[in-house]
Structures are given as structure tokens and as C-alpha cells.
file input_24.cif (mmCIF, C-alpha atoms and all ligand atoms; chains and numbers go by the auth columns)
data_query
#
loop_
_atom_site.group_PDB
_atom_site.id
_atom_site.type_symbol
_atom_site.label_atom_id
_atom_site.label_comp_id
_atom_site.label_asym_id
_atom_site.label_seq_id
_atom_site.Cartn_x
_atom_site.Cartn_y
_atom_site.Cartn_z
_atom_site.B_iso_or_equiv
_atom_site.auth_seq_id
_atom_site.auth_asym_id
ATOM 1 C CA MET A 1 96.570 92.219 108.416 0.00 841 U
ATOM 2 C CA ILE A 2 93.996 91.046 105.895 0.00 842 U
ATOM 3 C CA ARG A 3 90.913 93.284 105.633 0.00 843 U
ATOM 4 C CA LEU A 4 87.248 92.364 105.277 0.00 844 U
ATOM 5 C CA GLY A 5 85.014 94.506 103.085 0.00 845 U
ATOM 6 C CA VAL A 6 81.325 93.836 103.699 0.00 846 U
ATOM 7 C CA ASN A 7 79.000 94.182 100.730 0.00 847 U
ATOM 8 C CA ILE A 8 75.624 95.491 101.903 0.00 848 U
ATOM 9 C CA ASP A 9 73.846 95.561 98.531 0.00 849 U
ATOM 10 C CA HIS A 10 71.382 92.939 99.752 0.00 850 U
ATOM 11 C CA VAL A 11 70.249 95.185 102.585 0.00 851 U
ATOM 12 C CA ALA A 12 69.000 97.499 99.832 0.00 852 U
ATOM 13 C CA THR A 13 67.510 94.514 97.963 0.00 853 U
ATOM 14 C CA LEU A 14 65.441 93.716 101.045 0.00 854 U
ATOM 15 C CA ARG A 15 64.417 97.338 101.524 0.00 855 U
ATOM 16 C CA ASN A 16 63.395 97.646 97.873 0.00 856 U
ATOM 17 C CA ALA A 17 61.206 94.521 98.085 0.00 857 U
ATOM 18 C CA ARG A 18 58.691 96.607 100.050 0.00 858 U
ATOM 19 C CA GLY A 19 59.452 99.949 98.488 0.00 859 U
ATOM 20 C CA GLY A 20 59.873 101.749 101.837 0.00 860 U
ATOM 21 C CA ASN A 21 62.871 102.851 103.895 0.00 861 U
ATOM 22 C CA HIS A 22 63.521 99.761 105.989 0.00 862 U
ATOM 23 C CA PRO A 23 66.117 98.302 106.380 0.00 863 U
ATOM 24 C CA ASP A 24 68.283 101.307 105.652 0.00 864 U
ATOM 25 C CA PRO A 25 71.775 100.457 104.289 0.00 865 U
ATOM 26 C CA LEU A 26 73.471 103.406 106.051 0.00 866 U
ATOM 27 C CA THR A 27 71.934 102.502 109.426 0.00 867 U
ATOM 28 C CA VAL A 28 73.097 98.911 108.943 0.00 868 U
ATOM 29 C CA ALA A 29 76.598 100.057 107.931 0.00 869 U
ATOM 30 C CA LYS A 30 76.853 102.206 111.065 0.00 870 U
ATOM 31 C CA SER A 31 75.733 99.295 113.246 0.00 871 U
ATOM 32 C CA LEU A 32 78.616 97.155 111.968 0.00 872 U
ATOM 33 C CA VAL A 33 81.462 99.336 113.186 0.00 873 U
ATOM 34 C CA GLY A 34 83.367 97.237 115.707 0.00 874 U
ATOM 35 C CA SER A 35 82.213 93.888 114.290 0.00 875 U
ATOM 36 C CA GLY A 36 85.451 93.167 112.401 0.00 876 U
ATOM 37 C CA MET A 37 84.345 94.909 109.215 0.00 877 U
ATOM 38 C CA ASP A 38 87.169 96.996 107.730 0.00 878 U
ATOM 39 C CA GLY A 39 85.254 98.562 104.871 0.00 879 U
ATOM 40 C CA ILE A 40 81.827 98.900 103.312 0.00 880 U
ATOM 41 C CA THR A 41 81.262 97.747 99.733 0.00 881 U
ATOM 42 C CA ILE A 42 78.339 98.980 97.665 0.00 882 U
ATOM 43 C CA HIS A 43 77.553 98.466 93.993 0.00 883 U
ATOM 44 C CA LEU A 44 75.604 101.250 92.322 0.00 884 U
ATOM 45 C CA ARG A 45 74.309 99.348 89.314 0.00 885 U
ATOM 46 C CA GLU A 46 73.230 101.096 86.170 0.00 886 U
ATOM 47 C CA ASP A 47 69.696 99.716 86.709 0.00 887 U
ATOM 48 C CA ARG A 48 69.756 100.717 90.458 0.00 888 U
ATOM 49 C CA ARG A 49 68.372 97.308 91.355 0.00 889 U
ATOM 50 C CA HIS A 50 69.605 97.495 94.948 0.00 890 U
ATOM 51 C CA ILE A 51 71.772 100.434 96.084 0.00 891 U
ATOM 52 C CA ARG A 52 70.356 103.772 94.913 0.00 892 U
ATOM 53 C CA ASP A 53 71.989 107.145 94.382 0.00 893 U
ATOM 54 C CA ALA A 54 70.766 108.432 97.761 0.00 894 U
ATOM 55 C CA ASP A 55 72.286 105.377 99.516 0.00 895 U
ATOM 56 C CA ALA A 56 75.622 105.879 97.792 0.00 896 U
ATOM 57 C CA GLU A 57 75.583 109.558 98.680 0.00 897 U
ATOM 58 C CA ALA A 58 74.744 108.954 102.358 0.00 898 U
ATOM 59 C CA ILE A 59 77.238 106.109 102.806 0.00 899 U
ATOM 60 C CA CYS A 60 80.106 108.014 101.150 0.00 900 U
ATOM 61 C CA ALA A 61 79.296 111.131 103.196 0.00 901 U
ATOM 62 C CA TRP A 62 79.294 109.074 106.420 0.00 902 U
ATOM 63 C CA ALA A 63 82.722 107.575 105.740 0.00 903 U
ATOM 64 C CA GLY A 64 82.811 105.834 109.137 0.00 904 U
ATOM 65 C CA LYS A 65 84.669 103.081 107.268 0.00 905 U
ATOM 66 C CA PRO A 66 86.439 103.207 103.897 0.00 906 U
ATOM 67 C CA VAL A 67 83.897 102.802 101.098 0.00 907 U
ATOM 68 C CA ASN A 68 84.605 100.497 98.163 0.00 908 U
ATOM 69 C CA PHE A 69 82.321 101.689 95.365 0.00 909 U
ATOM 70 C CA GLU A 70 81.681 98.997 92.741 0.00 910 U
ATOM 71 C CA MET A 71 80.635 100.388 89.391 0.00 911 U
ATOM 72 C CA ALA A 72 80.686 99.953 85.646 0.00 912 U
ATOM 73 C CA ALA A 73 83.195 102.109 83.758 0.00 913 U
ATOM 74 C CA THR A 74 80.518 104.387 82.314 0.00 914 U
ATOM 75 C CA THR A 75 80.607 108.170 82.008 0.00 915 U
ATOM 76 C CA GLU A 76 77.677 108.410 84.426 0.00 916 U
ATOM 77 C CA MET A 77 79.306 106.248 87.104 0.00 917 U
ATOM 78 C CA VAL A 78 82.685 107.972 86.812 0.00 918 U
ATOM 79 C CA ALA A 79 80.914 111.329 87.295 0.00 919 U
ATOM 80 C CA ILE A 80 79.079 110.043 90.387 0.00 920 U
ATOM 81 C CA ALA A 81 82.221 108.501 91.885 0.00 921 U
ATOM 82 C CA THR A 82 84.389 111.569 91.334 0.00 922 U
ATOM 83 C CA ARG A 83 81.695 113.636 93.078 0.00 923 U
ATOM 84 C CA LEU A 84 81.179 111.257 96.032 0.00 924 U
ATOM 85 C CA LYS A 85 84.891 110.446 96.386 0.00 925 U
ATOM 86 C CA PRO A 86 84.748 106.989 97.998 0.00 926 U
ATOM 87 C CA HIS A 87 88.038 105.568 99.259 0.00 927 U
ATOM 88 C CA GLY A 88 88.164 103.175 96.335 0.00 928 U
ATOM 89 C CA CYS A 89 86.310 102.195 93.185 0.00 929 U
ATOM 90 C CA CYS A 90 86.176 98.644 91.888 0.00 930 U
ATOM 91 C CA ILE A 91 85.283 98.512 88.207 0.00 931 U
ATOM 92 C CA VAL A 92 83.105 95.506 87.425 0.00 932 U
ATOM 93 C CA PRO A 93 81.466 94.291 84.215 0.00 933 U
ATOM 94 C CA GLU A 94 77.744 94.894 83.841 0.00 934 U
ATOM 95 C CA ARG A 95 77.271 94.068 80.161 0.00 935 U
ATOM 96 C CA ARG A 96 77.915 90.653 78.627 0.00 936 U
ATOM 97 C CA ALA A 97 80.390 92.129 76.153 0.00 937 U
ATOM 98 C CA GLU A 98 82.639 93.344 79.010 0.00 938 U
ATOM 99 C CA ILE A 99 82.884 89.907 80.634 0.00 939 U
ATOM 100 C CA THR A 100 85.556 87.271 80.077 0.00 940 U
ATOM 101 C CA THR A 101 84.611 83.601 79.823 0.00 941 U
ATOM 102 C CA GLU A 102 84.753 83.131 83.601 0.00 942 U
ATOM 103 C CA GLY A 103 82.991 86.347 84.593 0.00 943 U
ATOM 104 C CA GLY A 104 85.569 89.021 85.432 0.00 944 U
ATOM 105 C CA LEU A 105 86.110 92.300 83.599 0.00 945 U
ATOM 106 C CA ASP A 106 87.713 91.806 80.178 0.00 946 U
ATOM 107 C CA VAL A 107 90.416 94.442 80.730 0.00 947 U
ATOM 108 C CA ALA A 108 92.655 93.118 77.971 0.00 948 U
ATOM 109 C CA ASN A 109 90.044 93.871 75.288 0.00 949 U
ATOM 110 C CA HIS A 110 88.756 97.160 76.750 0.00 950 U
ATOM 111 C CA ARG A 111 92.024 98.985 77.453 0.00 951 U
ATOM 112 C CA GLU A 112 91.154 102.097 75.492 0.00 952 U
ATOM 113 C CA SER A 113 87.797 102.668 77.215 0.00 953 U
ATOM 114 C CA LEU A 114 89.146 101.822 80.682 0.00 954 U
ATOM 115 C CA ARG A 115 92.264 103.986 80.590 0.00 955 U
ATOM 116 C CA PRO A 116 90.499 107.400 80.691 0.00 956 U
ATOM 117 C CA ALA A 117 87.937 106.261 83.279 0.00 957 U
ATOM 118 C CA ILE A 118 90.737 105.020 85.542 0.00 958 U
ATOM 119 C CA ALA A 119 92.711 108.239 85.046 0.00 959 U
ATOM 120 C CA ARG A 120 89.704 110.394 85.997 0.00 960 U
ATOM 121 C CA LEU A 121 89.063 108.373 89.163 0.00 961 U
ATOM 122 C CA LYS A 122 92.725 108.481 90.183 0.00 962 U
ATOM 123 C CA ASP A 123 92.865 112.234 89.525 0.00 963 U
ATOM 124 C CA ALA A 124 90.006 112.582 92.033 0.00 964 U
ATOM 125 C CA GLY A 125 92.132 110.767 94.625 0.00 965 U
ATOM 126 C CA ILE A 126 90.231 107.471 94.371 0.00 966 U
ATOM 127 C CA ARG A 127 92.104 104.164 94.465 0.00 967 U
ATOM 128 C CA VAL A 128 91.104 102.075 91.457 0.00 968 U
ATOM 129 C CA SER A 129 90.582 98.323 91.483 0.00 969 U
ATOM 130 C CA LEU A 130 89.587 96.082 88.573 0.00 970 U
ATOM 131 C CA PHE A 131 87.573 92.894 89.156 0.00 971 U
ATOM 132 C CA VAL A 132 89.237 90.240 87.009 0.00 972 U
ATOM 133 C CA ASP A 133 89.509 86.495 86.637 0.00 973 U
ATOM 134 C CA PRO A 134 92.848 85.076 87.782 0.00 974 U
ATOM 135 C CA GLU A 135 94.185 85.108 84.211 0.00 975 U
ATOM 136 C CA PRO A 136 97.738 86.405 83.595 0.00 976 U
ATOM 137 C CA ASP A 137 96.629 88.444 80.531 0.00 977 U
ATOM 138 C CA GLN A 138 93.981 90.272 82.542 0.00 978 U
ATOM 139 C CA ILE A 139 96.315 90.977 85.476 0.00 979 U
ATOM 140 C CA HIS A 140 99.043 92.331 83.170 0.00 980 U
ATOM 141 C CA ALA A 141 96.422 94.442 81.378 0.00 981 U
ATOM 142 C CA ALA A 142 95.139 95.827 84.716 0.00 982 U
ATOM 143 C CA ALA A 143 98.635 97.044 85.600 0.00 983 U
ATOM 144 C CA GLU A 144 99.110 98.419 82.110 0.00 984 U
ATOM 145 C CA VAL A 145 95.911 100.539 82.131 0.00 985 U
ATOM 146 C CA GLY A 146 96.890 102.147 85.443 0.00 986 U
ATOM 147 C CA ALA A 147 94.851 100.315 88.103 0.00 987 U
ATOM 148 C CA GLN A 148 96.374 100.176 91.582 0.00 988 U
ATOM 149 C CA VAL A 149 94.477 97.044 92.676 0.00 989 U
ATOM 150 C CA VAL A 150 93.037 93.874 91.152 0.00 990 U
ATOM 151 C CA GLU A 151 90.219 92.016 92.833 0.00 991 U
ATOM 152 C CA LEU A 152 90.487 88.376 91.784 0.00 992 U
ATOM 153 C CA HIS A 153 87.138 86.746 91.008 0.00 993 U
ATOM 154 C CA THR A 154 86.714 83.747 93.302 0.00 994 U
ATOM 155 C CA GLY A 155 83.350 82.676 91.852 0.00 995 U
ATOM 156 C CA ALA A 156 84.665 79.679 89.894 0.00 996 U
ATOM 157 C CA TYR A 157 86.673 78.561 92.956 0.00 997 U
ATOM 158 C CA ALA A 158 83.538 78.881 95.114 0.00 998 U
ATOM 159 C CA ASN A 159 81.667 76.744 92.584 0.00 999 U
ATOM 160 C CA GLY A 160 84.284 74.016 93.068 0.00 1000 U
ATOM 161 C CA LYS A 161 86.019 74.318 89.709 0.00 1001 U
ATOM 162 C CA LEU A 162 89.134 72.137 89.647 0.00 1002 U
ATOM 163 C CA GLY A 163 92.456 73.949 89.475 0.00 1003 U
ATOM 164 C CA GLU A 164 90.938 77.279 90.466 0.00 1004 U
ATOM 165 C CA LEU A 165 92.782 77.635 93.783 0.00 1005 U
ATOM 166 C CA GLU A 166 96.046 77.145 91.894 0.00 1006 U
ATOM 167 C CA ARG A 167 95.032 79.839 89.379 0.00 1007 U
ATOM 168 C CA LEU A 168 94.157 82.218 92.227 0.00 1008 U
ATOM 169 C CA THR A 169 97.463 81.435 93.980 0.00 1009 U
ATOM 170 C CA GLU A 170 99.415 82.211 90.799 0.00 1010 U
ATOM 171 C CA GLY A 171 97.243 85.228 90.058 0.00 1011 U
ATOM 172 C CA ALA A 172 97.842 86.738 93.497 0.00 1012 U
ATOM 173 C CA ARG A 173 101.620 86.250 93.085 0.00 1013 U
ATOM 174 C CA LEU A 174 101.556 87.791 89.636 0.00 1014 U
ATOM 175 C CA ALA A 175 99.489 90.765 90.826 0.00 1015 U
ATOM 176 C CA GLU A 176 102.019 91.546 93.527 0.00 1016 U
ATOM 177 C CA SER A 177 104.943 91.082 91.165 0.00 1017 U
ATOM 178 C CA VAL A 178 103.542 93.665 88.720 0.00 1018 U
ATOM 179 C CA GLY A 179 102.940 96.151 91.546 0.00 1019 U
ATOM 180 C CA LEU A 180 99.204 95.669 92.108 0.00 1020 U
ATOM 181 C CA GLU A 181 97.537 95.303 95.493 0.00 1021 U
ATOM 182 C CA CYS A 182 95.554 92.061 95.428 0.00 1022 U
ATOM 183 C CA HIS A 183 91.977 91.669 96.666 0.00 1023 U
ATOM 184 C CA ALA A 184 89.596 88.742 96.160 0.00 1024 U
ATOM 185 C CA GLY A 185 85.900 88.056 96.353 0.00 1025 U
ATOM 186 C CA HIS A 186 82.677 86.468 95.145 0.00 1026 U
ATOM 187 C CA GLY A 187 80.959 83.429 96.567 0.00 1027 U
ATOM 188 C CA LEU A 188 83.132 83.228 99.700 0.00 1028 U
ATOM 189 C CA THR A 189 81.684 81.439 102.746 0.00 1029 U
ATOM 190 C CA PHE A 190 82.828 80.168 106.150 0.00 1030 U
ATOM 191 C CA ALA A 191 83.537 76.823 104.428 0.00 1031 U
ATOM 192 C CA ASN A 192 85.703 78.069 101.562 0.00 1032 U
ATOM 193 C CA VAL A 193 87.339 81.299 102.799 0.00 1033 U
ATOM 194 C CA THR A 194 90.403 79.790 104.510 0.00 1034 U
ATOM 195 C CA PRO A 195 92.558 78.880 101.451 0.00 1035 U
ATOM 196 C CA ILE A 196 91.905 82.312 99.915 0.00 1036 U
ATOM 197 C CA ALA A 197 92.574 84.243 103.125 0.00 1037 U
ATOM 198 C CA ALA A 198 95.779 82.221 103.526 0.00 1038 U
ATOM 199 C CA LEU A 199 97.266 83.621 100.291 0.00 1039 U
ATOM 200 C CA PRO A 200 99.887 86.037 101.617 0.00 1040 U
ATOM 201 C CA GLU A 201 99.479 88.550 98.771 0.00 1041 U
ATOM 202 C CA VAL A 202 95.737 89.017 99.373 0.00 1042 U
ATOM 203 C CA ALA A 203 95.197 92.258 101.298 0.00 1043 U
ATOM 204 C CA GLU A 204 91.389 92.335 101.295 0.00 1044 U
ATOM 205 C CA LEU A 205 88.350 90.111 100.789 0.00 1045 U
ATOM 206 C CA ASN A 206 84.973 91.505 99.757 0.00 1046 U
ATOM 207 C CA ILE A 207 82.070 89.363 100.897 0.00 1047 U
ATOM 208 C CA GLY A 208 78.325 89.958 100.740 0.00 1048 U
ATOM 209 C CA HIS A 209 75.740 87.336 99.965 0.00 1049 U
ATOM 210 C CA TYR A 210 76.854 84.669 102.419 0.00 1050 U
ATOM 211 C CA LEU A 211 77.185 87.125 105.307 0.00 1051 U
ATOM 212 C CA ILE A 212 73.702 88.518 104.742 0.00 1052 U
ATOM 213 C CA GLY A 213 72.265 84.988 104.515 0.00 1053 U
ATOM 214 C CA GLU A 214 74.103 83.905 107.654 0.00 1054 U
ATOM 215 C CA ALA A 215 72.805 87.021 109.393 0.00 1055 U
ATOM 216 C CA LEU A 216 69.334 85.465 109.355 0.00 1056 U
ATOM 217 C CA LEU A 217 70.695 82.712 111.583 0.00 1057 U
ATOM 218 C CA ILE A 218 73.259 84.390 113.841 0.00 1058 U
ATOM 219 C CA GLY A 219 72.994 88.135 113.154 0.00 1059 U
ATOM 220 C CA LEU A 220 75.181 90.217 110.874 0.00 1060 U
ATOM 221 C CA PRO A 221 77.776 91.383 113.458 0.00 1061 U
ATOM 222 C CA SER A 222 78.340 87.752 114.559 0.00 1062 U
ATOM 223 C CA ALA A 223 78.596 86.550 110.951 0.00 1063 U
ATOM 224 C CA ILE A 224 81.178 89.266 110.213 0.00 1064 U
ATOM 225 C CA ALA A 225 83.119 88.517 113.407 0.00 1065 U
ATOM 226 C CA GLU A 226 83.281 84.810 112.547 0.00 1066 U
ATOM 227 C CA MET A 227 84.372 85.496 108.955 0.00 1067 U
ATOM 228 C CA LYS A 228 87.113 87.826 110.197 0.00 1068 U
ATOM 229 C CA ARG A 229 88.233 85.245 112.768 0.00 1069 U
ATOM 230 C CA LEU A 230 88.568 82.614 110.021 0.00 1070 U
ATOM 231 C CA MET A 231 90.503 85.071 107.830 0.00 1071 U
ATOM 232 C CA ILE A 232 92.961 85.958 110.584 0.00 1072 U
ATOM 233 C CA GLU A 233 93.337 82.313 111.595 0.00 1073 U
ATOM 234 C CA ALA A 234 94.152 81.417 107.982 0.00 1074 U
ATOM 235 C CA ARG A 235 96.868 84.043 107.984 0.00 1075 U
ATOM 236 C CA THR A 236 98.465 83.205 111.294 0.00 1076 U
ATOM 237 C CA ARG A 237 98.702 79.423 111.259 0.00 1077 U
HETATM 238 N N1 LIG B . 83.428 91.490 94.751 0.00 1 R
HETATM 239 C C1 LIG B . 82.760 91.949 93.667 0.00 1 R
HETATM 240 C C2 LIG B . 83.518 92.750 92.662 0.00 1 R
HETATM 241 C C3 LIG B . 81.389 91.711 93.507 0.00 1 R
HETATM 242 O O1 LIG B . 80.744 92.185 92.430 0.00 1 R
HETATM 243 C C4 LIG B . 80.705 90.981 94.504 0.00 1 R
HETATM 244 C C5 LIG B . 79.243 90.721 94.361 0.00 1 R
HETATM 245 O O2 LIG B . 78.540 91.882 94.417 0.00 1 R
HETATM 246 C C6 LIG B . 81.425 90.535 95.610 0.00 1 R
HETATM 247 C C7 LIG B . 82.794 90.789 95.702 0.00 1 R
HETATM 248 C C8 LIG B . 80.772 89.799 96.726 0.00 1 R
HETATM 249 O O3 LIG B . 80.296 88.579 96.284 0.00 1 R
HETATM 250 P P1 LIG B . 79.336 87.741 97.211 0.00 1 R
HETATM 251 O O4 LIG B . 78.093 88.547 97.381 0.00 1 R
HETATM 252 O O5 LIG B . 79.129 86.472 96.461 0.00 1 R
HETATM 253 O O6 LIG B . 80.058 87.536 98.509 0.00 1 R
#
call {"tool": "encode", "arguments": {"input": "input_24.cif", "output": "C-alpha cells", "more": "lines below"}}
Ligand code: PXP
result
Amino acid sequence: MIRLGVNIDHVATLRNARGGNHPDPLTVAKSLVGSGMDGITIHLREDRRHIRDADAEAICAWAGKPVNFEMAATTEMVAIATRLKPHGCCIVPERRAEITTEGGLDVANHRESLRPAIARLKDAGIRVSLFVDPEPDQIHAAAEVGAQVVELHTGAYANGKLGELERLTEGARLAESVGLECHAGHGLTFANVTPIAALPEVAELNIGHYLIGEALLIGLPSAIAEMKRLMIEARTR
């Protein structure tokens, strides 16, 4: 059944706005067990603008749910990830030069720098995902550099770009056909999640901003439960 990874970076954003300890991302993560959340996603950015090293350490040590650790493919981040050993790492672009026109990681033009980073993560027993646009070149390149998963960037789809659902549909099929597990995420909401969750190749969605925003209205566990209900409904109808 399709899984929901909940990105709690914005819990840290809120905490950092006051510089104290509240709300604490680990406490929030623990409170969400049983809500329909299948995994926790955190992004330790190079500038530490939301999640910090101590958060990443505490959340990976807890491991009450599989942790999806988003990171840039830098020496520093690979060292942190191989030490913390999350369930999975999703390599994302943080510098303009690493980004394709639409916003995903430009795997095709960074094969030589990605290959050793991916190998080190896999050697540590971490499943490696690459966050890419639904472009055939990028998906083929992801398989070629040794990733086990691609996360297809749904941002352009969420922004209403014409033809994007078709590109994601083809991208998900291609990912599966080259042996990659397919995930998707970015900009997904109650209103736009159904066509993406309905794609049979998509094993996991990673969703953050909308859930945290919706939490202000209905609470985070209810927002997660409703998102999961929509995902399962999309899959079973
Ligand atoms: N997947 C990846 C790789 C991301 O970087 C993000 C944003 O942090 C998301 C999913 C979640 O996107 P959103 O916060 O728009 O739901």
C-alpha cells in the first residue's frame, strides 16, 4: 500500500523563529505515530535553516518510524548520514548549479560527483533516493549512478503546469521499468494528491508544507489521517 512520509522541517522553522526549544521536532514526530504517517522526512540543509544536527541525531536515534533524510550530496552530509544511519537518504539540490530547469537534481550532469556519495551511503546500509524532475534522461541517469529510488518532483504539477501529470505518469512507469522504486512529492495538497497517489508505480509520497499549514486548522494528526485516506482511496477505486 502507498506510504506517506511526513516532512516536519517546518516544525523546526517555527521553533527557530523564537530561538528556544518549542515546538520540538522529535516530540512532534513521536506524537504522530498512529496517525497514518509511515515515515518521517527531515532535510538537514547546509545552512541549518530549520532542522539542526541535534534534531537529526535525536530523530534518527528514535527510529519509531523510518527516517527519510534529505540532504545535499556533500562530503559533510554523507559523513553525517553514514553516522546517523537513517532508513533512507534522498539527495536533493541545494545549489543553483545542481538544479535542472524545473527544479529537480541534475543527475545527468553530475554523475561523477554523485556516484561515490551514493556508494558510500549504500555501503552504510542506507537506501538512496534522488529527487528528480520527471524527465527520462534524469531517471535513466539515476538508475545508472546506482540509486535505488527516484522521488519525482511534483512541484510543476502542483503549480498547474499543463502536461505535467502525463510527464509524471510516464516518469513513474519508466522508473519502475529501469528497476527504481518510485516516490513523489512537493506541493501536494488534499486538492491535488489524488491523481499522483493513483499512479500504481508510486510507492511513497513525501508531504510537508500543506500538512503543517492544515494543522493550524484541524491539527496535524487529523491532517495526516485525511491525506492518507485520500491516498488510499485513490489507489483502491
Ligand atoms: N520531497 C522533497 C525532496 C522535498 O525537498 C520536499 C520539500 O522539503 C518535499 C518532498 C515536500 O514538499 P512540500 O513541503 O511542498 O510538501
call {"tool": "residues_near_ligand", "arguments": {"input": "input_24.cif", "ligand": "ligand LIG 1 (chain R)", "cutoff": "8 Å", "atoms": "only C-alpha atoms and all ligand atoms", "output": "tab-separated table (two decimals) with C-alpha atoms, in the coordinates of the input"}}
result
chain	number	residue	atom	x	y	z
U	847	ASN	CA	79.00	94.18	100.73
U	849	ASP	CA	73.85	95.56	98.53
U	882	ILE	CA	78.34	98.98	97.66
U	883	HIS	CA	77.55	98.47	93.99
U	910	GLU	CA	81.68	99.00	92.74
U	930	CYS	CA	86.18	98.64	91.89
U	931	ILE	CA	85.28	98.51	88.21
U	932	VAL	CA	83.10	95.51	87.42
U	971	PHE	CA	87.57	92.89	89.16
U	991	GLU	CA	90.22	92.02	92.83
U	993	HIS	CA	87.14	86.75	91.01
U	995	GLY	CA	83.35	82.68	91.85
U	1024	ALA	CA	89.60	88.74	96.16
U	1025	GLY	CA	85.90	88.06	96.35
U	1026	HIS	CA	82.68	86.47	95.14
U	1027	GLY	CA	80.96	83.43	96.57
U	1028	LEU	CA	83.13	83.23	99.70
U	1029	THR	CA	81.68	81.44	102.75
U	1045	LEU	CA	88.35	90.11	100.79
U	1046	ASN	CA	84.97	91.50	99.76
U	1047	ILE	CA	82.07	89.36	100.90
U	1048	GLY	CA	78.32	89.96	100.74
U	1049	HIS	CA	75.74	87.34	99.96
U	1050	TYR	CA	76.85	84.67	102.42
U	1051	LEU	CA	77.18	87.12	105.31
call {"tool": "atom_distance", "arguments": {"input": "input_24.cif", "atom1": "atom CA of Asp895 of chain U", "atom2": "atom CA of Met917 of chain U"}}
result
14.3 Å
call {"tool": "resolve_selection", "arguments": {"input": "input_24.cif", "expression": "the PyMOL selection byres (((chain U and resi 1012) around 12) and not hetatm)", "output": "PDB file with C-alpha atoms, in the frame of the given file"}}
result
ATOM      1  CA  VAL U 972      89.237  90.240  87.009  1.00  0.00           C
ATOM      2  CA  ASP U 973      89.509  86.495  86.637  1.00  0.00           C
ATOM      3  CA  PRO U 974      92.848  85.076  87.782  1.00  0.00           C
ATOM      4  CA  GLU U 975      94.185  85.108  84.211  1.00  0.00           C
ATOM      5  CA  PRO U 976      97.738  86.405  83.595  1.00  0.00           C
ATOM      6  CA  ILE U 979      96.315  90.977  85.476  1.00  0.00           C
ATOM      7  CA  HIS U 980      99.043  92.331  83.170  1.00  0.00           C
ATOM      8  CA  VAL U 989      94.477  97.044  92.676  1.00  0.00           C
ATOM      9  CA  VAL U 990      93.037  93.874  91.152  1.00  0.00           C
ATOM     10  CA  GLU U 991      90.219  92.016  92.833  1.00  0.00           C
ATOM     11  CA  LEU U 992      90.487  88.376  91.784  1.00  0.00           C
ATOM     12  CA  HIS U 993      87.138  86.746  91.008  1.00  0.00           C
ATOM     13  CA  THR U 994      86.714  83.747  93.302  1.00  0.00           C
ATOM     14  CA  LEU U1005      92.782  77.635  93.783  1.00  0.00           C
ATOM     15  CA  GLU U1006      96.046  77.145  91.894  1.00  0.00           C
ATOM     16  CA  ARG U1007      95.032  79.839  89.379  1.00  0.00           C
ATOM     17  CA  LEU U1008      94.157  82.218  92.227  1.00  0.00           C
ATOM     18  CA  THR U1009      97.463  81.435  93.980  1.00  0.00           C
ATOM     19  CA  GLU U1010      99.415  82.211  90.799  1.00  0.00           C
ATOM     20  CA  GLY U1011      97.243  85.228  90.058  1.00  0.00           C
ATOM     21  CA  ARG U1013     101.620  86.250  93.085  1.00  0.00           C
ATOM     22  CA  LEU U1014     101.556  87.791  89.636  1.00  0.00           C
ATOM     23  CA  ALA U1015      99.489  90.765  90.826  1.00  0.00           C
ATOM     24  CA  GLU U1016     102.019  91.546  93.527  1.00  0.00           C
ATOM     25  CA  SER U1017     104.943  91.082  91.165  1.00  0.00           C
ATOM     26  CA  VAL U1018     103.542  93.665  88.720  1.00  0.00           C
ATOM     27  CA  GLY U1019     102.940  96.151  91.546  1.00  0.00           C
ATOM     28  CA  LEU U1020      99.204  95.669  92.108  1.00  0.00           C
ATOM     29  CA  GLU U1021      97.537  95.303  95.493  1.00  0.00           C
ATOM     30  CA  CYS U1022      95.554  92.061  95.428  1.00  0.00           C
ATOM     31  CA  HIS U1023      91.977  91.669  96.666  1.00  0.00           C
ATOM     32  CA  ALA U1024      89.596  88.742  96.160  1.00  0.00           C
ATOM     33  CA  ILE U1036      91.905  82.312  99.915  1.00  0.00           C
ATOM     34  CA  ALA U1037      92.574  84.243 103.125  1.00  0.00           C
ATOM     35  CA  ALA U1038      95.779  82.221 103.526  1.00  0.00           C
ATOM     36  CA  LEU U1039      97.266  83.621 100.291  1.00  0.00           C
ATOM     37  CA  PRO U1040      99.887  86.037 101.617  1.00  0.00           C
ATOM     38  CA  GLU U1041      99.479  88.550  98.771  1.00  0.00           C
ATOM     39  CA  VAL U1042      95.737  89.017  99.373  1.00  0.00           C
ATOM     40  CA  ALA U1043      95.197  92.258 101.298  1.00  0.00           C
ATOM     41  CA  GLU U1044      91.389  92.335 101.295  1.00  0.00           C
TER      42      GLU U1044
END
call {"tool": "atom_distance", "arguments": {"input": "input_24.cif", "atom1": "atom CA of Ala1074 of chain U", "atom2": "atom CA of Phe1030 of chain U"}}
result
11.5 Å
call {"tool": "atom_distance", "arguments": {"input": "input_24.cif", "atom1": "atom CA of Val846 of chain U", "atom2": "atom CA of Ala987 of chain U"}}
result
21.6 Å
call {"tool": "resolve_selection", "arguments": {"input": "input_24.cif", "expression": "the PyMOL selection byres (((chain U and resi 912) around 12) and not hetatm)", "output": "MDAnalysis selection string"}}
result
chainID U and resid 883:888 909:911 913:921 929:936 938:939 944:945 953:954 957:958 969:971
call {"tool": "resolve_selection", "arguments": {"input": "input_24.cif", "expression": "the PyMOL selection byres (((chain U and resi 985) around 8) and not hetatm)", "output": "PyMOL selection string"}}
result
chain U and resi 951+954-955+958+981-984+986-987
call {"tool": "closest_residue", "arguments": {"input": "input_24.cif", "among": "U:Pro1035, U:Gly965, U:Pro865, U:Gly876", "to": "Tyr997 of chain U", "atoms": "all atoms listed in the file"}}
result
U:Pro1035
call {"tool": "residues_around", "arguments": {"input": "input_24.cif", "residues": "Pro863 of chain U", "least_positions_apart": "6", "cutoff": "9 Å", "atoms": "all atoms listed in the file", "output": "PyMOL selection string"}}
result
chain U and resi 851-852+854-856
call {"tool": "closest_residue", "arguments": {"input": "input_24.cif", "among": "U:Ile848, U:Glu1073, U:Ser875, U:Asn861", "to": "Ile899 of chain U", "atoms": "all atoms listed in the file"}}
result
U:Ile848
call {"tool": "closest_residue", "arguments": {"input": "input_24.cif", "among": "U:Ala964, U:Ile1064, U:Ile880, U:Val873", "to": "Ile1052 of chain U", "atoms": "only C-alpha atoms"}}
result
U:Ile1064
call {"tool": "closest_residue", "arguments": {"input": "input_24.cif", "among": "U:Lys905, U:His890, U:Gly928, U:Ile1058", "to": "Gly874 of chain U", "atoms": "all atoms listed in the file"}}
result
U:Lys905
call {"tool": "closest_residue", "arguments": {"input": "input_24.cif", "among": "U:Ala996, U:Val947, U:Ala869, U:Leu924", "to": "Cys900 of chain U", "atoms": "all atoms listed in the file"}}
result
U:Leu924
